[in-house]
$ cat model29.cif   # mmCIF, C-alpha atoms
data_run
loop_
_atom_site.label_atom_id
_atom_site.label_comp_id
_atom_site.auth_asym_id
_atom_site.auth_seq_id
_atom_site.Cartn_x
_atom_site.Cartn_y
_atom_site.Cartn_z
CA MET A 1019 -46.28 -55.80 -16.98
CA GLU A 1020 -46.58 -53.79 -20.16
CA ARG A 1021 -47.44 -50.14 -20.47
CA TRP A 1022 -51.08 -49.29 -20.15
CA ASP A 1023 -52.99 -49.93 -23.34
CA ASP A 1024 -56.49 -48.55 -23.88
CA GLN A 1025 -58.19 -51.63 -22.46
CA SER A 1026 -56.15 -51.79 -19.24
CA LEU A 1027 -56.58 -48.05 -18.70
CA TRP A 1028 -60.33 -48.43 -19.18
CA ASP A 1029 -60.47 -51.36 -16.75
CA PHE A 1030 -58.53 -49.33 -14.18
CA ALA A 1031 -60.76 -46.25 -14.60
CA LYS A 1032 -64.03 -48.22 -14.66
CA GLY A 1033 -63.12 -49.87 -11.36
CA ARG A 1034 -62.83 -46.39 -9.86
CA GLY A 1035 -66.23 -45.15 -11.03
CA ILE A 1036 -65.29 -43.42 -14.31
CA SER A 1037 -68.00 -43.67 -16.96
CA ARG A 1038 -67.17 -44.69 -20.54
CA ARG A 1039 -68.16 -41.26 -21.86
CA ARG A 1040 -65.92 -39.48 -19.33
CA PHE A 1041 -63.09 -41.93 -20.03
CA LEU A 1042 -63.17 -41.10 -23.75
CA TRP A 1043 -63.23 -37.37 -23.02
CA LEU A 1044 -60.27 -37.67 -20.62
CA THR A 1045 -58.33 -39.75 -23.15
CA ALA A 1046 -58.79 -37.09 -25.81
CA SER A 1047 -58.00 -34.18 -23.50
CA GLY A 1048 -55.04 -35.44 -21.50
CA GLY A 1049 -54.29 -39.11 -22.01
CA ALA A 1050 -53.21 -41.40 -19.18
CA ALA A 1051 -52.20 -38.53 -16.88
CA ALA A 1052 -55.72 -37.04 -17.06
CA ILE A 1053 -57.34 -40.42 -16.41
CA LEU A 1054 -55.11 -41.09 -13.41
CA ALA A 1055 -55.83 -37.61 -12.09
CA ALA A 1056 -59.56 -38.28 -12.39
CA CYS A 1057 -59.00 -41.51 -10.43
CA GLY A 1058 -57.45 -39.53 -7.60
CA ILE A 1059 -53.74 -39.88 -8.43
CA THR A 1060 -52.94 -36.19 -7.98
CA GLU A 1061 -51.22 -33.93 -5.54
CA THR A 1062 -54.44 -32.14 -4.59
CA SER A 1063 -56.08 -35.32 -3.33
CA GLN A 1064 -53.51 -35.27 -0.54
CA ALA A 1065 -53.45 -31.54 0.07
CA PRO A 1066 -52.53 -30.61 3.65
CA GLY A 1067 -56.16 -30.12 4.67
CA ASN A 1068 -56.95 -33.71 3.71
CA VAL A 1069 -54.05 -35.35 5.54
CA PRO A 1070 -54.92 -37.24 8.73
CA ALA A 1071 -53.12 -36.22 11.88
CA LYS A 1072 -50.02 -38.15 12.81
CA SER A 1073 -50.10 -40.70 15.60
CA ALA A 1074 -49.42 -39.71 19.18
CA GLY A 1075 -45.80 -40.71 18.67
CA GLY A 1076 -45.52 -38.34 15.73
CA ALA A 1077 -43.82 -40.85 13.43
CA TRP A 1078 -46.66 -41.80 11.08
CA PHE A 1079 -49.71 -40.38 9.34
CA LYS A 1080 -51.59 -43.69 9.28
CA ASP A 1081 -53.32 -45.17 12.30
CA PRO A 1082 -50.72 -47.60 13.69
CA SER A 1083 -53.23 -49.68 15.70
CA PRO A 1084 -53.90 -52.33 13.00
CA LEU A 1085 -50.15 -53.02 12.80
CA ILE A 1086 -47.42 -54.10 15.24
CA ALA A 1087 -45.28 -51.15 16.37
CA HIS A 1088 -41.61 -51.90 17.04
CA ASP A 1089 -39.57 -50.27 19.77
CA ASP A 1090 -37.45 -48.29 17.28
CA GLY A 1091 -40.45 -45.98 16.77
CA LYS A 1092 -40.06 -46.12 12.98
CA SER A 1093 -41.27 -49.61 12.05
CA LEU A 1094 -44.83 -50.96 11.76
CA GLU A 1095 -45.16 -54.67 11.06
CA ALA A 1096 -48.11 -56.01 9.08
CA ARG A 1097 -50.43 -58.61 10.57
CA LEU A 1098 -50.53 -61.10 7.70
CA GLU A 1099 -53.69 -62.72 9.02
CA ASN A 1100 -55.54 -59.51 8.11
CA THR A 1101 -54.77 -59.93 4.40
CA ARG A 1102 -57.33 -62.34 2.96
CA GLY A 1103 -56.68 -61.90 -0.76
CA LEU A 1104 -53.53 -60.99 -2.65
CA VAL A 1105 -53.46 -57.25 -1.91
CA THR A 1106 -52.48 -55.71 1.42
CA ALA A 1107 -54.74 -52.77 2.26
CA ASN A 1108 -52.89 -49.47 2.65
CA SER A 1109 -54.01 -49.32 6.28
CA ASN A 1110 -52.26 -52.65 6.97
CA PHE A 1111 -49.21 -52.06 4.73
CA PHE A 1112 -46.00 -52.39 6.73
CA VAL A 1113 -43.78 -49.33 7.31
CA ARG A 1114 -40.00 -49.18 7.65
CA ASN A 1115 -38.67 -45.64 7.95
CA ASN A 1116 -35.33 -44.15 8.89
CA SER A 1117 -36.97 -40.89 9.95
CA THR A 1118 -40.44 -39.63 10.76
CA SER A 1119 -42.71 -39.65 7.70
CA LEU A 1120 -42.43 -36.53 5.55
CA ASP A 1121 -45.30 -34.16 4.72
CA LEU A 1122 -44.28 -32.91 1.27
CA ASP A 1123 -46.15 -30.59 -1.07
CA ALA A 1124 -46.30 -32.24 -4.48
CA ALA A 1125 -46.60 -28.86 -6.23
CA ALA A 1126 -43.24 -27.77 -4.74
CA TRP A 1127 -41.54 -31.16 -5.07
CA ARG A 1128 -38.68 -31.52 -7.53
CA LEU A 1129 -36.59 -34.46 -8.72
CA SER A 1130 -33.07 -33.74 -9.96
CA VAL A 1131 -31.17 -36.11 -12.25
CA GLU A 1132 -27.43 -35.46 -12.42
CA GLY A 1133 -23.99 -37.09 -12.53
CA ASP A 1134 -21.07 -37.59 -14.88
CA ALA A 1135 -22.93 -40.31 -16.82
CA VAL A 1136 -25.84 -38.18 -18.06
CA ALA A 1137 -25.63 -35.72 -20.95
CA ASN A 1138 -28.67 -33.62 -20.01
CA PRO A 1139 -29.14 -33.05 -16.26
CA LEU A 1140 -32.82 -32.59 -15.40
CA GLU A 1141 -35.12 -31.16 -12.80
CA LEU A 1142 -38.61 -32.67 -12.99
CA THR A 1143 -41.89 -31.67 -11.36
CA TYR A 1144 -44.66 -33.95 -10.15
CA ASP A 1145 -46.69 -33.08 -13.25
CA ASP A 1146 -43.69 -34.00 -15.42
CA ILE A 1147 -43.66 -37.45 -13.82
CA LEU A 1148 -47.43 -37.86 -14.28
CA ARG A 1149 -47.13 -37.03 -17.98
CA LEU A 1150 -44.68 -39.88 -18.63
CA PRO A 1151 -46.11 -43.21 -19.86
CA SER A 1152 -47.74 -45.05 -16.96
CA ARG A 1153 -47.18 -48.61 -15.84
CA VAL A 1154 -48.95 -50.71 -13.23
CA LEU A 1155 -47.35 -53.59 -11.31
CA MET A 1156 -48.66 -56.00 -8.72
CA CYS A 1157 -45.58 -56.26 -6.55
CA TYR A 1158 -44.59 -57.24 -3.03
CA LEU A 1159 -42.25 -55.04 -1.02
CA GLU A 1160 -40.15 -56.68 1.71
CA CYS A 1161 -37.68 -55.39 4.28
CA ALA A 1162 -34.27 -57.08 4.08
CA GLY A 1163 -34.63 -57.80 7.80
CA ASN A 1164 -37.99 -59.55 7.52
CA HIS A 1165 -37.83 -62.74 9.70
CA ARG A 1166 -34.71 -61.34 11.49
CA ALA A 1167 -36.05 -62.48 14.88
CA MET A 1168 -35.91 -66.07 13.61
CA PHE A 1169 -32.11 -66.14 13.86
CA ASP A 1170 -32.71 -66.02 17.62
CA LEU A 1171 -35.99 -67.96 17.86
CA VAL A 1172 -34.98 -70.76 15.48
CA GLN A 1173 -31.17 -70.80 15.52
CA GLY A 1174 -30.59 -69.42 19.02
CA ARG A 1175 -28.28 -66.64 17.86
CA ALA A 1176 -29.65 -63.09 17.89
CA ALA A 1177 -28.84 -60.65 15.08
CA SER A 1178 -28.74 -56.89 15.56
CA GLY A 1179 -31.49 -54.58 14.36
CA THR A 1180 -35.28 -54.35 14.57
CA GLN A 1181 -36.58 -57.80 15.47
CA TRP A 1182 -39.03 -58.30 12.61
CA MET A 1183 -41.13 -61.44 12.80
CA THR A 1184 -42.99 -62.33 9.58
CA GLY A 1185 -44.81 -59.08 8.72
CA GLY A 1186 -42.02 -56.96 7.25
CA ILE A 1187 -43.65 -57.47 3.87
CA SER A 1188 -46.79 -56.37 2.02
CA ASN A 1189 -48.19 -56.72 -1.50
CA GLY A 1190 -49.84 -54.00 -3.56
CA GLU A 1191 -50.82 -52.60 -6.94
CA TRP A 1192 -48.39 -49.81 -7.82
CA VAL A 1193 -48.73 -47.11 -10.48
CA GLY A 1194 -45.80 -45.10 -11.79
CA CYS A 1195 -43.47 -44.42 -14.67
CA SER A 1196 -40.33 -46.33 -15.60
CA LEU A 1197 -37.14 -44.96 -14.12
CA ARG A 1198 -35.67 -45.87 -17.51
CA ASP A 1199 -37.81 -43.20 -19.19
CA VAL A 1200 -36.43 -40.53 -16.85
CA LEU A 1201 -32.83 -41.70 -17.31
CA THR A 1202 -33.30 -41.78 -21.08
CA ARG A 1203 -34.66 -38.23 -21.05
CA ALA A 1204 -31.54 -37.20 -19.09
CA GLY A 1205 -29.34 -38.70 -21.80
CA ILE A 1206 -27.84 -41.58 -19.84
CA ARG A 1207 -24.42 -42.39 -21.28
CA ASP A 1208 -23.10 -45.77 -22.38
CA ASN A 1209 -20.46 -45.64 -19.64
CA ALA A 1210 -23.05 -45.46 -16.83
CA VAL A 1211 -22.38 -48.03 -14.08
CA SER A 1212 -24.25 -46.95 -10.96
CA VAL A 1213 -27.52 -45.08 -10.28
CA LEU A 1214 -27.79 -43.60 -6.78
CA LEU A 1215 -31.29 -42.84 -5.47
CA VAL A 1216 -31.44 -40.25 -2.67
CA GLY A 1217 -34.43 -39.46 -0.46
CA LEU A 1218 -35.48 -36.11 1.00
CA ASP A 1219 -35.65 -37.55 4.54
CA THR A 1220 -32.75 -35.52 5.90
CA GLU A 1221 -33.22 -36.99 9.41
CA SER A 1222 -32.01 -40.29 7.98
CA PRO A 1223 -28.35 -41.33 7.87
CA GLU A 1224 -26.23 -39.53 5.23
CA ASN A 1225 -28.67 -36.58 5.25
CA GLY A 1226 -31.15 -38.50 3.13
CA PHE A 1227 -31.60 -42.28 2.85
CA ARG A 1228 -29.92 -43.61 -0.29
CA ARG A 1229 -29.02 -46.74 -2.18
CA ALA A 1230 -27.14 -47.39 -5.41
CA LEU A 1231 -28.53 -49.62 -8.15
CA PRO A 1232 -26.50 -51.20 -10.93
CA VAL A 1233 -27.40 -49.53 -14.20
CA GLU A 1234 -28.92 -52.76 -15.55
CA LYS A 1235 -31.49 -52.84 -12.73
CA ALA A 1236 -32.16 -49.09 -12.95
CA MET A 1237 -32.84 -49.41 -16.68
CA HIS A 1238 -35.18 -52.40 -16.33
CA PRO A 1239 -38.63 -51.24 -17.54
CA ASP A 1240 -40.30 -52.47 -14.34
CA THR A 1241 -38.13 -50.40 -12.01
CA LEU A 1242 -40.60 -47.62 -11.29
CA LEU A 1243 -40.93 -44.14 -9.95
CA ALA A 1244 -44.21 -44.89 -8.19
CA TYR A 1245 -46.90 -42.34 -7.29
CA GLY A 1246 -49.91 -44.58 -6.63
CA LEU A 1247 -50.64 -47.58 -4.39
CA ASN A 1248 -53.82 -49.66 -4.48
CA GLY A 1249 -55.84 -47.12 -6.46
CA GLU A 1250 -54.88 -44.17 -4.25
CA PRO A 1251 -52.14 -41.56 -4.36
CA LEU A 1252 -49.02 -42.88 -2.70
CA PRO A 1253 -49.60 -42.54 1.08
CA ARG A 1254 -47.30 -40.16 2.92
CA ASP A 1255 -45.92 -42.92 5.13
CA HIS A 1256 -44.92 -44.75 1.96
CA GLY A 1257 -43.09 -41.94 0.14
CA PHE A 1258 -45.57 -39.39 -1.27
CA PRO A 1259 -45.31 -37.84 -3.76
CA VAL A 1260 -42.86 -40.18 -5.55
CA ARG A 1261 -40.75 -43.15 -4.49
CA ALA A 1262 -38.72 -45.79 -6.24
CA LEU A 1263 -40.06 -49.33 -6.58
CA VAL A 1264 -37.43 -51.96 -7.38
CA PRO A 1265 -39.18 -55.34 -7.87
CA GLY A 1266 -37.45 -58.33 -6.34
CA TRP A 1267 -34.90 -56.26 -4.44
CA VAL A 1268 -34.82 -55.59 -0.71
CA GLY A 1269 -37.12 -52.77 0.38
CA SER A 1270 -34.27 -50.40 1.25
CA SER A 1271 -33.60 -50.09 -2.50
CA SER A 1272 -37.06 -48.59 -3.09
CA ILE A 1273 -36.20 -45.12 -1.82
CA LYS A 1274 -39.10 -43.08 -0.40
CA TRP A 1275 -39.64 -39.33 -0.85
CA LEU A 1276 -37.24 -39.45 -3.79
CA GLY A 1277 -35.48 -36.15 -4.48
CA ARG A 1278 -32.24 -36.82 -6.34
CA ILE A 1279 -30.78 -39.33 -8.78
CA VAL A 1280 -27.02 -39.44 -9.40
CA VAL A 1281 -25.83 -41.44 -12.42
CA SER A 1282 -22.14 -42.30 -12.29
CA SER A 1283 -19.55 -43.96 -14.50
CA GLN A 1284 -18.10 -45.52 -11.31
CA GLN A 1285 -19.55 -47.77 -8.63
CA GLN A 1286 -21.01 -45.57 -5.88
CA TRP A 1287 -20.42 -46.58 -2.26
CA THR A 1288 -22.54 -45.29 0.63
CA ARG A 1289 -23.36 -46.35 4.16
CA ASN A 1290 -26.09 -48.59 2.75
CA ASN A 1291 -23.85 -50.83 0.69
CA THR A 1292 -20.69 -50.74 2.82
CA ASP A 1293 -21.78 -51.15 6.46
CA SER A 1294 -25.58 -51.41 6.39
CA TYR A 1295 -27.60 -53.77 4.16
CA VAL A 1296 -24.51 -55.95 3.96
CA LEU A 1297 -24.20 -59.65 4.85
CA ILE A 1298 -21.42 -59.76 7.44
CA GLY A 1299 -20.18 -63.10 8.75
CA ASP A 1300 -17.81 -65.99 8.23
CA ASP A 1301 -19.72 -67.12 5.12
CA TYR A 1302 -19.69 -63.69 3.45
CA PRO A 1303 -16.27 -62.44 2.26
CA PRO A 1304 -16.07 -58.65 1.72
CA GLU A 1305 -16.76 -57.16 -1.72
CA GLY A 1306 -15.30 -53.86 -2.92
CA GLU A 1307 -15.47 -51.24 -0.17
CA ALA A 1308 -18.12 -53.20 1.74
CA SER A 1309 -17.51 -55.00 5.04
CA GLY A 1310 -19.30 -58.06 3.62
CA GLN A 1311 -21.60 -58.83 0.70
CA PRO A 1312 -24.07 -56.02 -0.15
CA VAL A 1313 -27.69 -57.16 -0.18
CA GLY A 1314 -29.61 -56.61 -3.42
CA THR A 1315 -31.98 -59.31 -4.59
CA GLN A 1316 -34.44 -60.81 -2.12
CA ASN A 1317 -34.88 -64.57 -1.73
CA ILE A 1318 -37.61 -67.19 -1.73
CA LYS A 1319 -39.85 -67.41 1.36
CA SER A 1320 -43.15 -68.80 2.59
CA VAL A 1321 -45.11 -68.00 5.72
CA LEU A 1322 -48.40 -68.84 7.38
CA ALA A 1323 -50.82 -65.96 7.78
CA VAL A 1324 -51.69 -66.67 11.42
CA PRO A 1325 -50.47 -64.92 14.59
CA TRP A 1326 -47.17 -66.03 16.16
CA PRO A 1327 -47.86 -67.95 18.32
CA ALA A 1328 -51.44 -68.90 17.46
CA VAL A 1329 -54.21 -70.46 19.54
CA LEU A 1330 -56.91 -72.43 17.72
CA PRO A 1331 -59.76 -74.71 18.79
CA ALA A 1332 -59.59 -78.37 17.84
CA GLY A 1333 -61.13 -79.44 14.54
CA LEU A 1334 -60.80 -78.67 10.85
CA HIS A 1335 -59.12 -75.38 9.91
CA ARG A 1336 -58.54 -73.85 6.50
CA LEU A 1337 -55.19 -72.09 6.87
CA HIS A 1338 -53.60 -69.81 4.33
CA GLY A 1339 -50.31 -68.09 3.81
CA PHE A 1340 -48.09 -66.36 1.28
CA ALA A 1341 -45.00 -67.35 -0.70
CA HIS A 1342 -42.81 -65.31 -3.02
CA SER A 1343 -39.57 -65.37 -4.95
CA PRO A 1344 -37.71 -62.78 -7.04
CA HIS A 1345 -36.58 -65.51 -9.43
CA GLY A 1346 -39.90 -66.72 -10.81
CA PRO A 1347 -43.49 -67.69 -9.94
CA ILE A 1348 -44.16 -70.00 -7.01
CA VAL A 1349 -44.97 -73.44 -8.42
CA GLN A 1350 -45.23 -75.47 -5.20
CA VAL A 1351 -45.82 -74.91 -1.50
CA GLU A 1352 -45.64 -77.83 0.92
CA TRP A 1353 -46.65 -78.02 4.57
CA SER A 1354 -45.71 -80.25 7.47
CA ASN A 1355 -47.06 -80.78 10.98
CA ASP A 1356 -44.43 -83.29 12.10
CA GLY A 1357 -41.27 -81.18 12.12
CA GLY A 1358 -40.52 -81.73 8.45
CA ALA A 1359 -40.47 -85.53 8.57
CA SER A 1360 -43.21 -85.59 5.93
CA TRP A 1361 -44.63 -82.95 3.59
CA ARG A 1362 -47.95 -82.45 1.83
CA ASP A 1363 -48.84 -80.12 -1.02
CA ALA A 1364 -50.79 -76.96 -0.29
CA GLU A 1365 -53.18 -75.52 -2.87
CA LEU A 1366 -52.13 -72.59 -5.07
CA PRO A 1367 -55.40 -71.13 -6.40
CA GLY A 1368 -55.36 -68.90 -9.48
CA PRO A 1369 -52.54 -67.37 -11.50
CA GLN A 1370 -49.81 -65.39 -9.73
CA PRO A 1371 -49.34 -61.87 -11.10
CA GLN A 1372 -45.75 -60.99 -11.95
CA TYR A 1373 -43.83 -59.73 -8.87
CA SER A 1374 -46.77 -60.55 -6.59
CA TRP A 1375 -46.64 -63.02 -3.78
CA ALA A 1376 -48.73 -66.20 -4.19
CA ARG A 1377 -51.49 -67.17 -1.79
CA PHE A 1378 -51.58 -70.81 -0.70
CA SER A 1379 -53.98 -72.72 1.55
CA PHE A 1380 -54.54 -76.16 3.07
CA THR A 1381 -56.93 -77.90 5.47
CA TRP A 1382 -55.57 -79.08 8.81
CA ASP A 1383 -57.42 -81.36 11.21
CA ALA A 1384 -56.06 -79.88 14.44
CA GLU A 1385 -55.89 -82.08 17.53
CA PRO A 1386 -55.46 -80.63 21.04
CA GLY A 1387 -51.89 -79.92 22.06
CA ASP A 1388 -48.88 -77.88 21.00
CA HIS A 1389 -47.89 -78.07 17.34
CA LEU A 1390 -45.24 -76.68 15.00
CA LEU A 1391 -46.47 -76.18 11.43
CA MET A 1392 -43.92 -75.59 8.69
CA THR A 1393 -44.15 -74.52 5.05
CA ARG A 1394 -41.64 -74.46 2.23
CA ALA A 1395 -41.85 -73.08 -1.31
CA THR A 1396 -40.35 -73.82 -4.71
CA ASP A 1397 -40.27 -71.39 -7.64
CA GLY A 1398 -40.34 -71.89 -11.39
CA ALA A 1399 -36.56 -71.54 -11.64
CA GLY A 1400 -36.03 -74.47 -9.26
CA ASN A 1401 -35.15 -72.43 -6.17
CA ASN A 1402 -36.46 -73.65 -2.83
CA GLN A 1403 -36.10 -72.75 0.81
CA PRO A 1404 -32.93 -74.11 2.42
CA ASP A 1405 -32.96 -76.25 5.55
CA SER A 1406 -30.68 -73.72 7.25
CA VAL A 1407 -29.35 -70.19 6.63
CA PRO A 1408 -25.80 -69.08 7.54
CA PHE A 1409 -25.80 -66.46 10.29
CA ASN A 1410 -25.06 -62.83 9.44
CA GLU A 1411 -24.59 -60.09 12.02
CA LYS A 1412 -27.42 -57.85 10.83
CA GLY A 1413 -29.93 -60.63 10.32
CA TYR A 1414 -30.80 -60.19 6.65
CA LEU A 1415 -32.49 -62.66 4.28
CA PHE A 1416 -33.55 -65.36 6.76
CA ASN A 1417 -35.59 -67.81 4.69
CA GLN A 1418 -35.43 -71.32 6.09
CA PRO A 1419 -38.81 -72.98 6.80
CA LEU A 1420 -40.35 -71.53 9.96
CA PRO A 1421 -41.59 -73.82 12.77
CA HIS A 1422 -44.80 -71.89 13.44
CA PRO A 1423 -46.08 -72.56 17.00
CA ILE A 1424 -49.80 -73.25 17.31
CA ARG A 1425 -51.59 -74.33 20.49
CA VAL A 1426 -54.81 -76.25 19.88
CA THR A 1427 -57.37 -76.22 22.66
CA ALA A 1428 -59.86 -78.96 23.38
CA GLU A 1429 -62.79 -76.84 22.19
CA ASP A 1430 -63.97 -78.09 18.79
CA ALA A 1431 -63.87 -75.53 15.97
CA GLY A 1432 -67.16 -76.88 14.67
CA ALA A 1433 -68.97 -76.54 17.98
#
$ encode --input "model29.cif" --output "structure tokens"
Amino acid sequence: MERWDDQSLWDFAKGRGISRRRFLWLTASGGAAAILAACGITETSQAPGNVPAKSAGGAWFKDPSPLIAHDDGKSLEARLENTRGLVTANSNFFVRNNSTSLDLDAAAWRLSVEGDAVANPLELTYDDILRLPSRVLMCYLECAGNHRAMFDLVQGRAASGTQWMTGGISNGEWVGCSLRDVLTRAGIRDNAVSVLLVGLDTESPENGFRRALPVEKAMHPDTLLAYGLNGEPLPRDHGFPVRALVPGWVGSSSIKWLGRIVVSSQQQWTRNNTDSYVLIGDDYPPEGEASGQPVGTQNIKSVLAVPWPAVLPAGLHRLHGFAHSPHGPIVQVEWSNDGGASWRDAELPGPQPQYSWARFSFTWDAEPGDHLLMTRATDGAGNNQPDSVPFNEKGYLFNQPLPHPIRVTAEDAGA
């Protein structure tokens, strides 16, 4: 989406209770940064006294009970059935951490920009980031291992790692500045090749979780340094005060609690593009220093927003789900209740915001018994879900149509 113009800023502020008179005063006194601050996008709105206590396990600030906690103690899976519209509420937004969530003071936070491919190394404050031109994106964020459990459940071959089902994904409205604006201010050189993003989560591997982006992706105007999610300051479990947001790329690229950016004239190799977040298997020959093919861009998927497995009474049911692709808008979703022998079109109501998932729905006349419902999506670039996905050891990017088990009881839904 484009930078905020006056109308979009006004729409954003009005939706958060700002009067027209106050909006005009804020515009004159401080521009977009002042308006966002008045809407609650500031460090003081998450001062230590206002932060909820962590869970009993000590890993998260949010209440984990609405989500599915995995055994690794650092992953909370979203229940997709609890998202009725396009946006996932912050309370239901999935979490994938490599450490316990950090409790950072935005006033003391600093972001350094360095490396041999910048002319003017920088150290920026939170206020410096807020003063940069703001952008807003409706964007899904998805773990590379989302659907990992399906390698075992569908193909009968288990992959290593957290056994995500279908809820390693959420969709939200993000506010931030373009990473490009920061890199431009640092005097990024023409010979820049790789931009390494490093988090402050020193409990994570490599003393801070990190991933390298190609300079072309780092300089895309929609690659953000995000500080707001769904009209609130970025929650602590999701990277407060500032995180990266890399639309269309696997979630591990969107580094939380960002603290350092290293711009290099050479490709940068780390644990997370040599051994981890790499497709390893017979179908994936090694690239560069990696043990397979590093994972960057996500792929096309669709999923029903019902529990796995589900139990429903007999009768008519209006089912919904979500589909997304990094390559273009979803133009078709089909569903099948006969193992894929025949397919019918689902409905795709309303326009799909850029980088958002699409919500689809269909009516199913459910008869008693055990059923497997499947969905498959097609995007505007002609990509669709494959019938099968080659196995990889770490279970990334599973996206074949899922045979969703649903047991229908004899009780009529209309009774």
$ resolve_selection --input "model29.cif" --expression "the PyMOL selection byres ((chain A and resi 1130) around 9)" --output "list in words"
Arg1128, Leu1129, Val1131, Glu1132, Pro1139, Leu1140, Glu1141, Leu1142, Gly1277, Arg1278, Ile1279 and Val1280 of chain A
$ resolve_selection --input "model29.cif" --expression "the PyMOL selection byres ((chain A and resi 1221) around 8)" --output "number ranges by chain"
A: 1116-1118, 1219-1220, 1222-1223, 1225-1226
$ resolve_selection --input "model29.cif" --expression "the PyMOL selection byres ((chain A and resi 1155) around 7)" --output "JSON, numbers by chain"
{"A": [1019, 1153, 1154, 1156, 1157, 1191, 1192, 1193]}
$ closest_residue --input "model29.cif" --among "A:Leu1243, A:Met1237, A:Val1113, A:Ala1107" --to "Asp1090 (chain A)" --atoms "all atoms listed in the file"
A:Val1113
$ closest_residue --input "model29.cif" --among "A:Leu1276, A:Ala1125, A:Val1211, A:Leu1415" --to "Leu1242 (chain A)" --atoms "only C-alpha atoms"
A:Leu1276
$ closest_atom_pairs --input "model29.cif" --of "region 1219-1265 of chain A" --to "region 1282-1294 of chain A" --cutoff "7 Å" --atoms "all atoms listed in the file" --output "tab-separated table"
residue	atom	partner	partner_atom	distance
A:Arg1228	CA	A:Asn1290	CA	7.0
A:Arg1229	CA	A:Asn1290	CA	6.0
A:Ala1230	CA	A:Gln1286	CA	6.4
$ build_atoms --input "model29.cif" --residues "region 1078-1089 of chain A" --atoms "N, CA, C and O atoms" --output "PDB file, keeping the file's coordinate frame"
ATOM      1  N   TRP A1078     -45.906 -41.346  12.233  1.00  0.00           N
ATOM      2  CA  TRP A1078     -46.660 -41.800  11.080  1.00  0.00           C
ATOM      3  C   TRP A1078     -47.932 -40.979  10.885  1.00  0.00           C
ATOM      4  O   TRP A1078     -48.486 -40.422  11.827  1.00  0.00           O
ATOM      5  N   PHE A1079     -48.415 -40.973   9.650  1.00  0.00           N
ATOM      6  CA  PHE A1079     -49.710 -40.380   9.340  1.00  0.00           C
ATOM      7  C   PHE A1079     -50.822 -41.408   9.497  1.00  0.00           C
ATOM      8  O   PHE A1079     -51.931 -41.065   9.876  1.00  0.00           O
ATOM      9  N   LYS A1080     -50.551 -42.665   9.179  1.00  0.00           N
ATOM     10  CA  LYS A1080     -51.590 -43.690   9.280  1.00  0.00           C
ATOM     11  C   LYS A1080     -51.831 -44.063  10.736  1.00  0.00           C
ATOM     12  O   LYS A1080     -50.977 -43.846  11.617  1.00  0.00           O
ATOM     13  N   ASP A1081     -52.989 -44.637  10.987  1.00  0.00           N
ATOM     14  CA  ASP A1081     -53.320 -45.170  12.300  1.00  0.00           C
ATOM     15  C   ASP A1081     -52.476 -46.425  12.524  1.00  0.00           C
ATOM     16  O   ASP A1081     -52.618 -47.407  11.797  1.00  0.00           O
ATOM     17  N   PRO A1082     -51.593 -46.444  13.521  1.00  0.00           N
ATOM     18  CA  PRO A1082     -50.720 -47.600  13.690  1.00  0.00           C
ATOM     19  C   PRO A1082     -51.402 -48.793  14.362  1.00  0.00           C
ATOM     20  O   PRO A1082     -50.814 -49.885  14.411  1.00  0.00           O
ATOM     21  N   SER A1083     -52.628 -48.623  14.877  1.00  0.00           N
ATOM     22  CA  SER A1083     -53.230 -49.680  15.700  1.00  0.00           C
ATOM     23  C   SER A1083     -53.473 -51.001  14.968  1.00  0.00           C
ATOM     24  O   SER A1083     -53.400 -52.055  15.616  1.00  0.00           O
ATOM     25  N   PRO A1084     -53.739 -51.025  13.638  1.00  0.00           N
ATOM     26  CA  PRO A1084     -53.900 -52.330  13.000  1.00  0.00           C
ATOM     27  C   PRO A1084     -52.589 -53.084  12.796  1.00  0.00           C
ATOM     28  O   PRO A1084     -52.605 -54.251  12.388  1.00  0.00           O
ATOM     29  N   LEU A1085     -51.450 -52.424  13.049  1.00  0.00           N
ATOM     30  CA  LEU A1085     -50.150 -53.020  12.800  1.00  0.00           C
ATOM     31  C   LEU A1085     -49.426 -53.256  14.128  1.00  0.00           C
ATOM     32  O   LEU A1085     -49.925 -52.913  15.194  1.00  0.00           O
ATOM     33  N   ILE A1086     -48.241 -53.833  14.069  1.00  0.00           N
ATOM     34  CA  ILE A1086     -47.420 -54.100  15.240  1.00  0.00           C
ATOM     35  C   ILE A1086     -46.297 -53.076  15.273  1.00  0.00           C
ATOM     36  O   ILE A1086     -45.440 -53.051  14.379  1.00  0.00           O
ATOM     37  N   ALA A1087     -46.299 -52.201  16.274  1.00  0.00           N
ATOM     38  CA  ALA A1087     -45.280 -51.150  16.370  1.00  0.00           C
ATOM     39  C   ALA A1087     -44.043 -51.690  17.073  1.00  0.00           C
ATOM     40  O   ALA A1087     -44.127 -52.293  18.142  1.00  0.00           O
ATOM     41  N   HIS A1088     -42.873 -51.470  16.449  1.00  0.00           N
ATOM     42  CA  HIS A1088     -41.610 -51.900  17.040  1.00  0.00           C
ATOM     43  C   HIS A1088     -41.036 -50.797  17.925  1.00  0.00           C
ATOM     44  O   HIS A1088     -41.376 -49.611  17.791  1.00  0.00           O
ATOM     45  N   ASP A1089     -40.126 -51.191  18.784  1.00  0.00           N
ATOM     46  CA  ASP A1089     -39.570 -50.270  19.770  1.00  0.00           C
ATOM     47  C   ASP A1089     -38.729 -49.165  19.149  1.00  0.00           C
ATOM     48  O   ASP A1089     -38.472 -48.150  19.804  1.00  0.00           O
TER      49      ASP A1089
END
